[in-house]
$ cat query.pdb   # PDB, N, CA, C and O atoms
ATOM      1  N   PRO A  16      -2.001  81.679  21.434
ATOM      2  CA  PRO A  16      -1.225  82.746  22.075
ATOM      3  C   PRO A  16      -0.171  83.326  21.120
ATOM      4  O   PRO A  16       0.578  82.579  20.495
ATOM      5  N   CYS A  17      -0.123  84.617  21.065
ATOM      6  CA  CYS A  17       0.789  85.334  20.178
ATOM      7  C   CYS A  17       2.215  85.299  20.743
ATOM      8  O   CYS A  17       2.428  85.534  21.927
ATOM      9  N   TYR A  18       3.179  85.035  19.873
ATOM     10  CA  TYR A  18       4.589  84.969  20.271
ATOM     11  C   TYR A  18       5.047  86.285  20.883
ATOM     12  O   TYR A  18       5.756  86.314  21.884
ATOM     13  N   PHE A  19       4.648  87.395  20.283
ATOM     14  CA  PHE A  19       5.102  88.714  20.724
ATOM     15  C   PHE A  19       4.341  89.195  21.956
ATOM     16  O   PHE A  19       4.917  89.866  22.813
ATOM     17  N   CYS A  20       3.068  88.853  22.059
ATOM     18  CA  CYS A  20       2.280  89.236  23.240
ATOM     19  C   CYS A  20       2.774  88.491  24.477
ATOM     20  O   CYS A  20       2.834  89.068  25.568
ATOM     21  N   GLN A  21       3.126  87.221  24.326
ATOM     22  CA  GLN A  21       3.627  86.441  25.456
ATOM     23  C   GLN A  21       4.923  87.025  26.006
ATOM     24  O   GLN A  21       5.139  87.044  27.206
ATOM     25  N   ARG A  22       5.799  87.484  25.120
ATOM     26  CA  ARG A  22       7.097  88.010  25.529
ATOM     27  C   ARG A  22       7.073  89.520  25.744
ATOM     28  O   ARG A  22       8.107  90.125  25.991
ATOM     29  N   ASN A  23       5.907  90.128  25.615
ATOM     30  CA  ASN A  23       5.707  91.567  25.821
ATOM     31  C   ASN A  23       6.628  92.388  24.916
ATOM     32  O   ASN A  23       7.258  93.345  25.358
ATOM     33  N   ILE A  24       6.710  91.999  23.650
ATOM     34  CA  ILE A  24       7.500  92.723  22.656
ATOM     35  C   ILE A  24       6.569  93.690  21.939
ATOM     36  O   ILE A  24       5.614  93.283  21.287
ATOM     37  N   GLN A  25       6.854  94.982  22.063
ATOM     38  CA  GLN A  25       5.996  95.995  21.456
ATOM     39  C   GLN A  25       6.398  96.289  20.018
ATOM     40  O   GLN A  25       5.551  96.386  19.141
ATOM     41  N   GLN A  26       7.705  96.444  19.784
ATOM     42  CA  GLN A  26       8.171  96.769  18.439
ATOM     43  C   GLN A  26       8.997  95.619  17.882
ATOM     44  O   GLN A  26       9.784  95.017  18.607
ATOM     45  N   ILE A  27       8.826  95.354  16.609
ATOM     46  CA  ILE A  27       9.569  94.299  15.936
ATOM     47  C   ILE A  27      10.670  94.974  15.126
ATOM     48  O   ILE A  27      10.395  95.777  14.239
ATOM     49  N   ASP A  28      11.921  94.655  15.447
ATOM     50  CA  ASP A  28      13.064  95.297  14.814
ATOM     51  C   ASP A  28      13.405  94.587  13.503
ATOM     52  O   ASP A  28      13.578  93.374  13.481
ATOM     53  N   PHE A  29      13.516  95.357  12.436
ATOM     54  CA  PHE A  29      13.820  94.769  11.136
ATOM     55  C   PHE A  29      15.263  94.282  11.047
ATOM     56  O   PHE A  29      15.603  93.513  10.168
ATOM     57  N   LYS A  30      16.121  94.706  11.961
ATOM     58  CA  LYS A  30      17.524  94.281  11.953
ATOM     59  C   LYS A  30      17.723  92.922  12.623
ATOM     60  O   LYS A  30      18.779  92.314  12.482
ATOM     61  N   ASN A  31      16.718  92.438  13.329
ATOM     62  CA  ASN A  31      16.792  91.142  13.999
ATOM     63  C   ASN A  31      16.385  90.052  13.002
ATOM     64  O   ASN A  31      15.273  89.530  13.027
ATOM     65  N   THR A  32      17.321  89.676  12.145
ATOM     66  CA  THR A  32      16.995  88.749  11.055
ATOM     67  C   THR A  32      16.750  87.327  11.552
ATOM     68  O   THR A  32      15.981  86.600  10.942
ATOM     69  N   LYS A  33      17.371  86.933  12.649
ATOM     70  CA  LYS A  33      17.143  85.585  13.200
ATOM     71  C   LYS A  33      15.678  85.396  13.566
ATOM     72  O   LYS A  33      15.074  84.373  13.284
ATOM     73  N   LEU A  34      15.093  86.415  14.193
ATOM     74  CA  LEU A  34      13.685  86.351  14.581
ATOM     75  C   LEU A  34      12.779  86.380  13.349
ATOM     76  O   LEU A  34      11.819  85.612  13.258
ATOM     77  N   LEU A  35      13.099  87.236  12.397
ATOM     78  CA  LEU A  35      12.259  87.370  11.209
ATOM     79  C   LEU A  35      12.275  86.107  10.358
ATOM     80  O   LEU A  35      11.274  85.772   9.724
ATOM     81  N   GLU A  36      13.401  85.395  10.342
ATOM     82  CA  GLU A  36      13.482  84.160   9.552
ATOM     83  C   GLU A  36      12.568  83.070  10.100
ATOM     84  O   GLU A  36      12.145  82.189   9.358
ATOM     85  N   LYS A  37      12.218  83.128  11.384
ATOM     86  CA  LYS A  37      11.290  82.158  11.956
ATOM     87  C   LYS A  37       9.898  82.277  11.341
ATOM     88  O   LYS A  37       9.142  81.321  11.299
ATOM     89  N   PHE A  38       9.565  83.472  10.881
ATOM     90  CA  PHE A  38       8.231  83.738  10.364
ATOM     91  C   PHE A  38       8.185  83.773   8.842
ATOM     92  O   PHE A  38       7.226  84.264   8.263
ATOM     93  N   THR A  39       9.233  83.248   8.198
ATOM     94  CA  THR A  39       9.221  83.108   6.749
ATOM     95  C   THR A  39       9.346  81.634   6.399
ATOM     96  O   THR A  39       9.902  80.844   7.157
ATOM     97  N   SER A  40       8.844  81.272   5.233
ATOM     98  CA  SER A  40       8.894  79.877   4.799
ATOM     99  C   SER A  40      10.260  79.576   4.193
ATOM    100  O   SER A  40      11.127  80.447   4.104
ATOM    101  N   GLY A  41      10.434  78.354   3.749
ATOM    102  CA  GLY A  41      11.684  77.948   3.123
ATOM    103  C   GLY A  41      11.965  78.682   1.824
ATOM    104  O   GLY A  41      13.111  78.828   1.422
ATOM    105  N   LEU A  42      10.931  79.157   1.177
ATOM    106  CA  LEU A  42      11.085  79.927  -0.057
ATOM    107  C   LEU A  42      11.104  81.425   0.203
ATOM    108  O   LEU A  42      10.936  82.219  -0.723
ATOM    109  N   ALA A  43      11.273  81.816   1.465
ATOM    110  CA  ALA A  43      11.386  83.212   1.906
ATOM    111  C   ALA A  43      10.072  83.984   1.783
ATOM    112  O   ALA A  43      10.074  85.203   1.684
ATOM    113  N   LYS A  44       8.950  83.274   1.784
ATOM    114  CA  LYS A  44       7.651  83.953   1.789
ATOM    115  C   LYS A  44       7.230  84.213   3.231
ATOM    116  O   LYS A  44       7.583  83.441   4.130
ATOM    117  N   ILE A  45       6.456  85.253   3.442
ATOM    118  CA  ILE A  45       5.943  85.557   4.773
ATOM    119  C   ILE A  45       4.845  84.544   5.091
ATOM    120  O   ILE A  45       3.897  84.376   4.321
ATOM    121  N   ARG A  46       4.986  83.875   6.225
ATOM    122  CA  ARG A  46       3.984  82.874   6.603
ATOM    123  C   ARG A  46       2.688  83.559   7.029
ATOM    124  O   ARG A  46       2.715  84.630   7.630
ATOM    125  N   PRO A  47       1.542  82.943   6.760
ATOM    126  CA  PRO A  47       0.258  83.538   7.145
ATOM    127  C   PRO A  47       0.038  83.482   8.655
ATOM    128  O   PRO A  47       0.689  82.729   9.378
ATOM    129  N   LYS A  48      -0.899  84.271   9.089
ATOM    130  CA  LYS A  48      -1.222  84.395  10.519
ATOM    131  C   LYS A  48      -1.651  83.066  11.127
ATOM    132  O   LYS A  48      -1.319  82.753  12.271
ATOM    133  N   LYS A  49      -2.362  82.258  10.365
ATOM    134  CA  LYS A  49      -2.819  80.959  10.878
ATOM    135  C   LYS A  49      -1.653  80.027  11.174
ATOM    136  O   LYS A  49      -1.703  79.240  12.101
ATOM    137  N   ARG A  50      -0.598  80.096  10.359
ATOM    138  CA  ARG A  50       0.571  79.229  10.555
ATOM    139  C   ARG A  50       1.448  79.705  11.708
ATOM    140  O   ARG A  50       2.008  78.893  12.433
ATOM    141  N   THR A  51       1.595  81.017  11.846
ATOM    142  CA  THR A  51       2.509  81.546  12.862
ATOM    143  C   THR A  51       1.855  81.663  14.227
ATOM    144  O   THR A  51       2.546  81.611  15.238
ATOM    145  N   GLY A  52       0.546  81.862  14.277
ATOM    146  CA  GLY A  52      -0.144  82.021  15.549
ATOM    147  C   GLY A  52       0.029  83.400  16.146
ATOM    148  O   GLY A  52      -0.143  83.594  17.357
ATOM    149  N   VAL A  53       0.353  84.370  15.321
ATOM    150  CA  VAL A  53       0.572  85.746  15.772
ATOM    151  C   VAL A  53      -0.736  86.521  15.641
ATOM    152  O   VAL A  53      -1.519  86.269  14.737
ATOM    153  N   CYS A  54      -0.972  87.468  16.552
ATOM    154  CA  CYS A  54      -2.198  88.269  16.484
ATOM    155  C   CYS A  54      -2.138  89.230  15.293
ATOM    156  O   CYS A  54      -1.076  89.445  14.703
ATOM    157  N   SER A  55      -3.256  89.829  14.958
ATOM    158  CA  SER A  55      -3.363  90.655  13.754
ATOM    159  C   SER A  55      -2.423  91.850  13.767
ATOM    160  O   SER A  55      -1.760  92.146  12.770
ATOM    161  N   SER A  56      -2.359  92.558  14.893
ATOM    162  CA  SER A  56      -1.522  93.761  14.941
ATOM    163  C   SER A  56      -0.044  93.407  14.805
ATOM    164  O   SER A  56       0.700  94.089  14.097
ATOM    165  N   HIS A  57       0.376  92.318  15.445
ATOM    166  CA  HIS A  57       1.769  91.920  15.333
ATOM    167  C   HIS A  57       2.080  91.320  13.962
ATOM    168  O   HIS A  57       3.208  91.434  13.482
ATOM    169  N   GLN A  58       1.109  90.707  13.311
ATOM    170  CA  GLN A  58       1.324  90.173  11.967
ATOM    171  C   GLN A  58       1.590  91.317  10.994
ATOM    172  O   GLN A  58       2.466  91.210  10.131
ATOM    173  N   ARG A  59       0.870  92.423  11.126
ATOM    174  CA  ARG A  59       1.101  93.575  10.263
ATOM    175  C   ARG A  59       2.482  94.169  10.508
ATOM    176  O   ARG A  59       3.204  94.509   9.561
ATOM    177  N   LYS A  60       2.857  94.295  11.784
ATOM    178  CA  LYS A  60       4.182  94.822  12.117
ATOM    179  C   LYS A  60       5.278  93.885  11.624
ATOM    180  O   LYS A  60       6.334  94.329  11.153
ATOM    181  N   LEU A  61       5.033  92.601  11.730
ATOM    182  CA  LEU A  61       5.992  91.591  11.287
ATOM    183  C   LEU A  61       6.196  91.674   9.771
ATOM    184  O   LEU A  61       7.330  91.652   9.289
ATOM    185  N   ALA A  62       5.105  91.787   9.035
ATOM    186  CA  ALA A  62       5.192  91.888   7.574
ATOM    187  C   ALA A  62       5.958  93.137   7.164
ATOM    188  O   ALA A  62       6.796  93.093   6.256
ATOM    189  N   LYS A  63       5.697  94.241   7.836
ATOM    190  CA  LYS A  63       6.395  95.489   7.520
ATOM    191  C   LYS A  63       7.886  95.362   7.811
ATOM    192  O   LYS A  63       8.724  95.814   7.024
ATOM    193  N   ALA A  64       8.235  94.725   8.923
ATOM    194  CA  ALA A  64       9.649  94.548   9.293
ATOM    195  C   ALA A  64      10.358  93.637   8.283
ATOM    196  O   ALA A  64      11.496  93.910   7.894
ATOM    197  N   ILE A  65       9.689  92.570   7.853
ATOM    198  CA  ILE A  65      10.287  91.664   6.870
ATOM    199  C   ILE A  65      10.498  92.390   5.551
ATOM    200  O   ILE A  65      11.547  92.254   4.909
ATOM    201  N   LYS A  66       9.532  93.193   5.130
ATOM    202  CA  LYS A  66       9.662  93.927   3.873
ATOM    203  C   LYS A  66      10.781  94.958   3.940
ATOM    204  O   LYS A  66      11.518  95.150   2.968
ATOM    205  N   ARG A  67      10.942  95.613   5.079
ATOM    206  CA  ARG A  67      12.047  96.567   5.245
ATOM    207  C   ARG A  67      13.389  95.853   5.192
ATOM    208  O   ARG A  67      14.336  96.334   4.574
ATOM    209  N   ALA A  68      13.483  94.710   5.864
ATOM    210  CA  ALA A  68      14.729  93.946   5.868
ATOM    211  C   ALA A  68      15.063  93.457   4.461
ATOM    212  O   ALA A  68      16.234  93.442   4.069
ATOM    213  N   ARG A  69      14.065  93.085   3.694
ATOM    214  CA  ARG A  69      14.291  92.667   2.314
ATOM    215  C   ARG A  69      14.813  93.824   1.480
ATOM    216  O   ARG A  69      15.743  93.671   0.701
ATOM    217  N   PHE A  70      14.205  94.994   1.648
ATOM    218  CA  PHE A  70      14.583  96.168   0.874
ATOM    219  C   PHE A  70      16.029  96.560   1.146
ATOM    220  O   PHE A  70      16.756  96.966   0.237
ATOM    221  N   LEU A  71      16.474  96.417   2.396
ATOM    222  CA  LEU A  71      17.845  96.766   2.757
ATOM    223  C   LEU A  71      18.837  95.645   2.510
ATOM    224  O   LEU A  71      20.027  95.806   2.759
ATOM    225  N   GLY A  72      18.360  94.506   2.045
ATOM    226  CA  GLY A  72      19.246  93.405   1.692
ATOM    227  C   GLY A  72      19.610  92.515   2.860
ATOM    228  O   GLY A  72      20.539  91.721   2.764
ATOM    229  N   LEU A  73      18.890  92.615   3.984
ATOM    230  CA  LEU A  73      19.174  91.777   5.140
ATOM    231  C   LEU A  73      18.530  90.398   5.021
ATOM    232  O   LEU A  73      19.044  89.425   5.559
ATOM    233  N   LEU A  74      17.409  90.345   4.311
ATOM    234  CA  LEU A  74      16.712  89.082   4.066
ATOM    235  C   LEU A  74      16.524  88.929   2.549
ATOM    236  O   LEU A  74      16.377  89.917   1.838
ATOM    237  N   PRO A  75      16.493  87.695   2.051
ATOM    238  CA  PRO A  75      16.289  87.500   0.620
ATOM    239  C   PRO A  75      14.800  87.632   0.250
ATOM    240  O   PRO A  75      13.930  87.393   1.066
ATOM    241  N   TYR A  76      14.567  88.034  -0.985
ATOM    242  CA  TYR A  76      13.194  88.047  -1.509
ATOM    243  C   TYR A  76      12.754  86.630  -1.836
ATOM    244  O   TYR A  76      11.628  86.250  -1.566
ATOM    245  N   VAL A  77      13.641  85.865  -2.455
ATOM    246  CA  VAL A  77      13.371  84.477  -2.812
ATOM    247  C   VAL A  77      14.630  83.656  -2.576
ATOM    248  O   VAL A  77      15.736  84.200  -2.517
ATOM    249  N   THR A  78      14.469  82.340  -2.444
ATOM    250  CA  THR A  78      15.613  81.441  -2.356
ATOM    251  C   THR A  78      15.567  80.489  -3.545
ATOM    252  O   THR A  78      14.515  80.288  -4.152
ATOM    253  N   LYS A  79      16.683  79.912  -3.851
ATOM    254  CA  LYS A  79      16.750  79.016  -5.015
ATOM    255  C   LYS A  79      16.260  77.634  -4.657
ATOM    256  O   LYS A  79      16.274  77.173  -3.607
TER
END
$ encode --input "query.pdb" --output "structure tokens"
Amino acid sequence: PCYFCQRNIQQIDFKNTKLLEKFTSGLAKIRPKKRTGVCSSHQRKLAKAIKRARFLGLLPYVTK
């Protein structure tokens, strides 16, 4: 079951960094669909939101 489908979330906000951090690894990489359990359409939206947040400096590209 998809996290976003269960909660009926249509759009993933790039400003919600707490939510986006759940779907990144300890090294700030985007976790794959198999690990997160998210459906394909939401995985694409999630990746786009994480990349936007990184570009604006809300999330790190890498951690030390």
$ atom_distance --input "query.pdb" --atom1 "atom C of Ile24 (chain A)" --atom2 "atom O of Leu71 (chain A)"
23.5 Å
$ residues_around --input "query.pdb" --residues "Thr51 (chain A)" --least-positions-apart "6" --cutoff "7 Å" --atoms "all atoms listed in the file" --output "PyMOL selection string"
chain A and resi 16-18+37-38
$ atom_distance --input "query.pdb" --atom1 "atom N of Gln26 (chain A)" --atom2 "CA of Thr39 (chain A)"
18.7 Å
$ residues_around --input "query.pdb" --residues "region 43-47 of chain A" --least-positions-apart "2" --cutoff "9 Å" --atoms "only C-alpha atoms" --output "MDAnalysis selection string"
chainID A and resid 36 38:41 49:53 58 61:62 65 74:78
$ axis_aligned_box --input "query.pdb" --around "region 64-71 of chain A" --padding-each-side "8 Å" --output "JSON"
{"center_x": 14.1, "center_y": 94.3, "center_z": 4.8, "size_x": 27.8, "size_y": 21.3, "size_z": 25.1}
$ select_by_dssp --input "query.pdb" --residues "chain A" --states "alpha helix (DSSP H)" --output "PDB file with N, CA, C and O atoms, in the frame of the given file"
ATOM      1  N   TYR A  18       3.179  85.035  19.873  1.00  0.00           N
ATOM      2  CA  TYR A  18       4.589  84.969  20.271  1.00  0.00           C
ATOM      3  C   TYR A  18       5.047  86.285  20.883  1.00  0.00           C
ATOM      4  O   TYR A  18       5.756  86.314  21.884  1.00  0.00           O
ATOM      5  N   PHE A  19       4.648  87.395  20.283  1.00  0.00           N
ATOM      6  CA  PHE A  19       5.102  88.714  20.724  1.00  0.00           C
ATOM      7  C   PHE A  19       4.341  89.195  21.956  1.00  0.00           C
ATOM      8  O   PHE A  19       4.917  89.866  22.813  1.00  0.00           O
ATOM      9  N   CYS A  20       3.068  88.853  22.059  1.00  0.00           N
ATOM     10  CA  CYS A  20       2.280  89.236  23.240  1.00  0.00           C
ATOM     11  C   CYS A  20       2.774  88.491  24.477  1.00  0.00           C
ATOM     12  O   CYS A  20       2.834  89.068  25.568  1.00  0.00           O
ATOM     13  N   GLN A  21       3.126  87.221  24.326  1.00  0.00           N
ATOM     14  CA  GLN A  21       3.627  86.441  25.456  1.00  0.00           C
ATOM     15  C   GLN A  21       4.923  87.025  26.006  1.00  0.00           C
ATOM     16  O   GLN A  21       5.139  87.044  27.206  1.00  0.00           O
ATOM     17  N   THR A  32      17.321  89.676  12.145  1.00  0.00           N
ATOM     18  CA  THR A  32      16.995  88.749  11.055  1.00  0.00           C
ATOM     19  C   THR A  32      16.750  87.327  11.552  1.00  0.00           C
ATOM     20  O   THR A  32      15.981  86.600  10.942  1.00  0.00           O
ATOM     21  N   LYS A  33      17.371  86.933  12.649  1.00  0.00           N
ATOM     22  CA  LYS A  33      17.143  85.585  13.200  1.00  0.00           C
ATOM     23  C   LYS A  33      15.678  85.396  13.566  1.00  0.00           C
ATOM     24  O   LYS A  33      15.074  84.373  13.284  1.00  0.00           O
ATOM     25  N   LEU A  34      15.093  86.415  14.193  1.00  0.00           N
ATOM     26  CA  LEU A  34      13.685  86.351  14.581  1.00  0.00           C
ATOM     27  C   LEU A  34      12.779  86.380  13.349  1.00  0.00           C
ATOM     28  O   LEU A  34      11.819  85.612  13.258  1.00  0.00           O
ATOM     29  N   LEU A  35      13.099  87.236  12.397  1.00  0.00           N
ATOM     30  CA  LEU A  35      12.259  87.370  11.209  1.00  0.00           C
ATOM     31  C   LEU A  35      12.275  86.107  10.358  1.00  0.00           C
ATOM     32  O   LEU A  35      11.274  85.772   9.724  1.00  0.00           O
ATOM     33  N   GLU A  36      13.401  85.395  10.342  1.00  0.00           N
ATOM     34  CA  GLU A  36      13.482  84.160   9.552  1.00  0.00           C
ATOM     35  C   GLU A  36      12.568  83.070  10.100  1.00  0.00           C
ATOM     36  O   GLU A  36      12.145  82.189   9.358  1.00  0.00           O
ATOM     37  N   LYS A  37      12.218  83.128  11.384  1.00  0.00           N
ATOM     38  CA  LYS A  37      11.290  82.158  11.956  1.00  0.00           C
ATOM     39  C   LYS A  37       9.898  82.277  11.341  1.00  0.00           C
ATOM     40  O   LYS A  37       9.142  81.321  11.299  1.00  0.00           O
ATOM     41  N   LYS A  48      -0.899  84.271   9.089  1.00  0.00           N
ATOM     42  CA  LYS A  48      -1.222  84.395  10.519  1.00  0.00           C
ATOM     43  C   LYS A  48      -1.651  83.066  11.127  1.00  0.00           C
ATOM     44  O   LYS A  48      -1.319  82.753  12.271  1.00  0.00           O
ATOM     45  N   LYS A  49      -2.362  82.258  10.365  1.00  0.00           N
ATOM     46  CA  LYS A  49      -2.819  80.959  10.878  1.00  0.00           C
ATOM     47  C   LYS A  49      -1.653  80.027  11.174  1.00  0.00           C
ATOM     48  O   LYS A  49      -1.703  79.240  12.101  1.00  0.00           O
ATOM     49  N   ARG A  50      -0.598  80.096  10.359  1.00  0.00           N
ATOM     50  CA  ARG A  50       0.571  79.229  10.555  1.00  0.00           C
ATOM     51  C   ARG A  50       1.448  79.705  11.708  1.00  0.00           C
ATOM     52  O   ARG A  50       2.008  78.893  12.433  1.00  0.00           O
ATOM     53  N   THR A  51       1.595  81.017  11.846  1.00  0.00           N
ATOM     54  CA  THR A  51       2.509  81.546  12.862  1.00  0.00           C
ATOM     55  C   THR A  51       1.855  81.663  14.227  1.00  0.00           C
ATOM     56  O   THR A  51       2.546  81.611  15.238  1.00  0.00           O
ATOM     57  N   SER A  55      -3.256  89.829  14.958  1.00  0.00           N
ATOM     58  CA  SER A  55      -3.363  90.655  13.754  1.00  0.00           C
ATOM     59  C   SER A  55      -2.423  91.850  13.767  1.00  0.00           C
ATOM     60  O   SER A  55      -1.760  92.146  12.770  1.00  0.00           O
ATOM     61  N   SER A  56      -2.359  92.558  14.893  1.00  0.00           N
ATOM     62  CA  SER A  56      -1.522  93.761  14.941  1.00  0.00           C
ATOM     63  C   SER A  56      -0.044  93.407  14.805  1.00  0.00           C
ATOM     64  O   SER A  56       0.700  94.089  14.097  1.00  0.00           O
ATOM     65  N   HIS A  57       0.376  92.318  15.445  1.00  0.00           N
ATOM     66  CA  HIS A  57       1.769  91.920  15.333  1.00  0.00           C
ATOM     67  C   HIS A  57       2.080  91.320  13.962  1.00  0.00           C
ATOM     68  O   HIS A  57       3.208  91.434  13.482  1.00  0.00           O
ATOM     69  N   GLN A  58       1.109  90.707  13.311  1.00  0.00           N
ATOM     70  CA  GLN A  58       1.324  90.173  11.967  1.00  0.00           C
ATOM     71  C   GLN A  58       1.590  91.317  10.994  1.00  0.00           C
ATOM     72  O   GLN A  58       2.466  91.210  10.131  1.00  0.00           O
ATOM     73  N   ARG A  59       0.870  92.423  11.126  1.00  0.00           N
ATOM     74  CA  ARG A  59       1.101  93.575  10.263  1.00  0.00           C
ATOM     75  C   ARG A  59       2.482  94.169  10.508  1.00  0.00           C
ATOM     76  O   ARG A  59       3.204  94.509   9.561  1.00  0.00           O
ATOM     77  N   LYS A  60       2.857  94.295  11.784  1.00  0.00           N
ATOM     78  CA  LYS A  60       4.182  94.822  12.117  1.00  0.00           C
ATOM     79  C   LYS A  60       5.278  93.885  11.624  1.00  0.00           C
ATOM     80  O   LYS A  60       6.334  94.329  11.153  1.00  0.00           O
ATOM     81  N   LEU A  61       5.033  92.601  11.730  1.00  0.00           N
ATOM     82  CA  LEU A  61       5.992  91.591  11.287  1.00  0.00           C
ATOM     83  C   LEU A  61       6.196  91.674   9.771  1.00  0.00           C
ATOM     84  O   LEU A  61       7.330  91.652   9.289  1.00  0.00           O
ATOM     85  N   ALA A  62       5.105  91.787   9.035  1.00  0.00           N
ATOM     86  CA  ALA A  62       5.192  91.888   7.574  1.00  0.00           C
ATOM     87  C   ALA A  62       5.958  93.137   7.164  1.00  0.00           C
ATOM     88  O   ALA A  62       6.796  93.093   6.256  1.00  0.00           O
ATOM     89  N   LYS A  63       5.697  94.241   7.836  1.00  0.00           N
ATOM     90  CA  LYS A  63       6.395  95.489   7.520  1.00  0.00           C
ATOM     91  C   LYS A  63       7.886  95.362   7.811  1.00  0.00           C
ATOM     92  O   LYS A  63       8.724  95.814   7.024  1.00  0.00           O
ATOM     93  N   ALA A  64       8.235  94.725   8.923  1.00  0.00           N
ATOM     94  CA  ALA A  64       9.649  94.548   9.293  1.00  0.00           C
ATOM     95  C   ALA A  64      10.358  93.637   8.283  1.00  0.00           C
ATOM     96  O   ALA A  64      11.496  93.910   7.894  1.00  0.00           O
ATOM     97  N   ILE A  65       9.689  92.570   7.853  1.00  0.00           N
ATOM     98  CA  ILE A  65      10.287  91.664   6.870  1.00  0.00           C
ATOM     99  C   ILE A  65      10.498  92.390   5.551  1.00  0.00           C
ATOM    100  O   ILE A  65      11.547  92.254   4.909  1.00  0.00           O
ATOM    101  N   LYS A  66       9.532  93.193   5.130  1.00  0.00           N
ATOM    102  CA  LYS A  66       9.662  93.927   3.873  1.00  0.00           C
ATOM    103  C   LYS A  66      10.781  94.958   3.940  1.00  0.00           C
ATOM    104  O   LYS A  66      11.518  95.150   2.968  1.00  0.00           O
ATOM    105  N   ARG A  67      10.942  95.613   5.079  1.00  0.00           N
ATOM    106  CA  ARG A  67      12.047  96.567   5.245  1.00  0.00           C
ATOM    107  C   ARG A  67      13.389  95.853   5.192  1.00  0.00           C
ATOM    108  O   ARG A  67      14.336  96.334   4.574  1.00  0.00           O
ATOM    109  N   ALA A  68      13.483  94.710   5.864  1.00  0.00           N
ATOM    110  CA  ALA A  68      14.729  93.946   5.868  1.00  0.00           C
ATOM    111  C   ALA A  68      15.063  93.457   4.461  1.00  0.00           C
ATOM    112  O   ALA A  68      16.234  93.442   4.069  1.00  0.00           O
ATOM    113  N   ARG A  69      14.065  93.085   3.694  1.00  0.00           N
ATOM    114  CA  ARG A  69      14.291  92.667   2.314  1.00  0.00           C
ATOM    115  C   ARG A  69      14.813  93.824   1.480  1.00  0.00           C
ATOM    116  O   ARG A  69      15.743  93.671   0.701  1.00  0.00           O
ATOM    117  N   PHE A  70      14.205  94.994   1.648  1.00  0.00           N
ATOM    118  CA  PHE A  70      14.583  96.168   0.874  1.00  0.00           C
ATOM    119  C   PHE A  70      16.029  96.560   1.146  1.00  0.00           C
ATOM    120  O   PHE A  70      16.756  96.966   0.237  1.00  0.00           O
TER     121      PHE A  70
END
$ resolve_selection --input "query.pdb" --expression "the PyMOL selection byres (((chain A and resi 64 and name CA) around 9) and name CA)" --output "list in words"
Ile27, Asp28, Phe29, Lys30, Leu35, Arg59, Lys60, Leu61, Ala62, Lys63, Ile65, Lys66, Arg67, Ala68 and Arg69 of chain A
$ closest_residue --input "query.pdb" --among "A:Leu73, A:Lys79, A:Cys54, A:Lys48" --to "Lys33 (chain A)" --atoms "all atoms listed in the file"
A:Leu73
$ atom_distance --input "query.pdb" --atom1 "atom C of His57 (chain A)" --atom2 "atom C of Phe19 (chain A)"
8.6 Å
$ decode --input "query.pdb" --residues "region 47-56 of chain A" --atoms "N, CA, C and O atoms" --output "PDB file, in the first residue's frame"
ATOM      1  N   PRO A  47      14.726   3.875  -3.223  1.00  0.00           N
ATOM      2  CA  PRO A  47      14.000   3.285  -4.352  1.00  0.00           C
ATOM      3  C   PRO A  47      12.567   2.918  -3.976  1.00  0.00           C
ATOM      4  O   PRO A  47      12.211   2.812  -2.802  1.00  0.00           O
ATOM      5  N   LYS A  48      11.783   2.707  -4.990  1.00  0.00           N
ATOM      6  CA  LYS A  48      10.354   2.394  -4.829  1.00  0.00           C
ATOM      7  C   LYS A  48      10.136   1.122  -4.019  1.00  0.00           C
ATOM      8  O   LYS A  48       9.203   1.029  -3.220  1.00  0.00           O
ATOM      9  N   LYS A  49      11.004   0.144  -4.190  1.00  0.00           N
ATOM     10  CA  LYS A  49      10.861  -1.118  -3.451  1.00  0.00           C
ATOM     11  C   LYS A  49      11.035  -0.916  -1.952  1.00  0.00           C
ATOM     12  O   LYS A  49      10.401  -1.583  -1.155  1.00  0.00           O
ATOM     13  N   ARG A  50      11.927  -0.004  -1.561  1.00  0.00           N
ATOM     14  CA  ARG A  50      12.174   0.254  -0.137  1.00  0.00           C
ATOM     15  C   ARG A  50      11.065   1.089   0.494  1.00  0.00           C
ATOM     16  O   ARG A  50      10.714   0.876   1.647  1.00  0.00           O
ATOM     17  N   THR A  51      10.548   2.059  -0.251  1.00  0.00           N
ATOM     18  CA  THR A  51       9.557   2.971   0.325  1.00  0.00           C
ATOM     19  C   THR A  51       8.146   2.415   0.251  1.00  0.00           C
ATOM     20  O   THR A  51       7.307   2.776   1.070  1.00  0.00           O
ATOM     21  N   GLY A  52       7.854   1.581  -0.736  1.00  0.00           N
ATOM     22  CA  GLY A  52       6.512   1.039  -0.892  1.00  0.00           C
ATOM     23  C   GLY A  52       5.547   2.021  -1.517  1.00  0.00           C
ATOM     24  O   GLY A  52       4.324   1.888  -1.373  1.00  0.00           O
ATOM     25  N   VAL A  53       6.067   3.000  -2.223  1.00  0.00           N
ATOM     26  CA  VAL A  53       5.246   4.030  -2.862  1.00  0.00           C
ATOM     27  C   VAL A  53       4.946   3.600  -4.296  1.00  0.00           C
ATOM     28  O   VAL A  53       5.765   2.958  -4.936  1.00  0.00           O
ATOM     29  N   CYS A  54       3.762   3.959  -4.799  1.00  0.00           N
ATOM     30  CA  CYS A  54       3.407   3.601  -6.175  1.00  0.00           C
ATOM     31  C   CYS A  54       4.237   4.420  -7.168  1.00  0.00           C
ATOM     32  O   CYS A  54       4.873   5.410  -6.799  1.00  0.00           O
ATOM     33  N   SER A  55       4.210   4.036  -8.422  1.00  0.00           N
ATOM     34  CA  SER A  55       5.071   4.643  -9.439  1.00  0.00           C
ATOM     35  C   SER A  55       4.818   6.132  -9.618  1.00  0.00           C
ATOM     36  O   SER A  55       5.757   6.928  -9.699  1.00  0.00           O
ATOM     37  N   SER A  56       3.549   6.528  -9.692  1.00  0.00           N
ATOM     38  CA  SER A  56       3.247   7.942  -9.935  1.00  0.00           C
ATOM     39  C   SER A  56       3.691   8.807  -8.759  1.00  0.00           C
ATOM     40  O   SER A  56       4.249   9.889  -8.954  1.00  0.00           O
TER      41      SER A  56
END
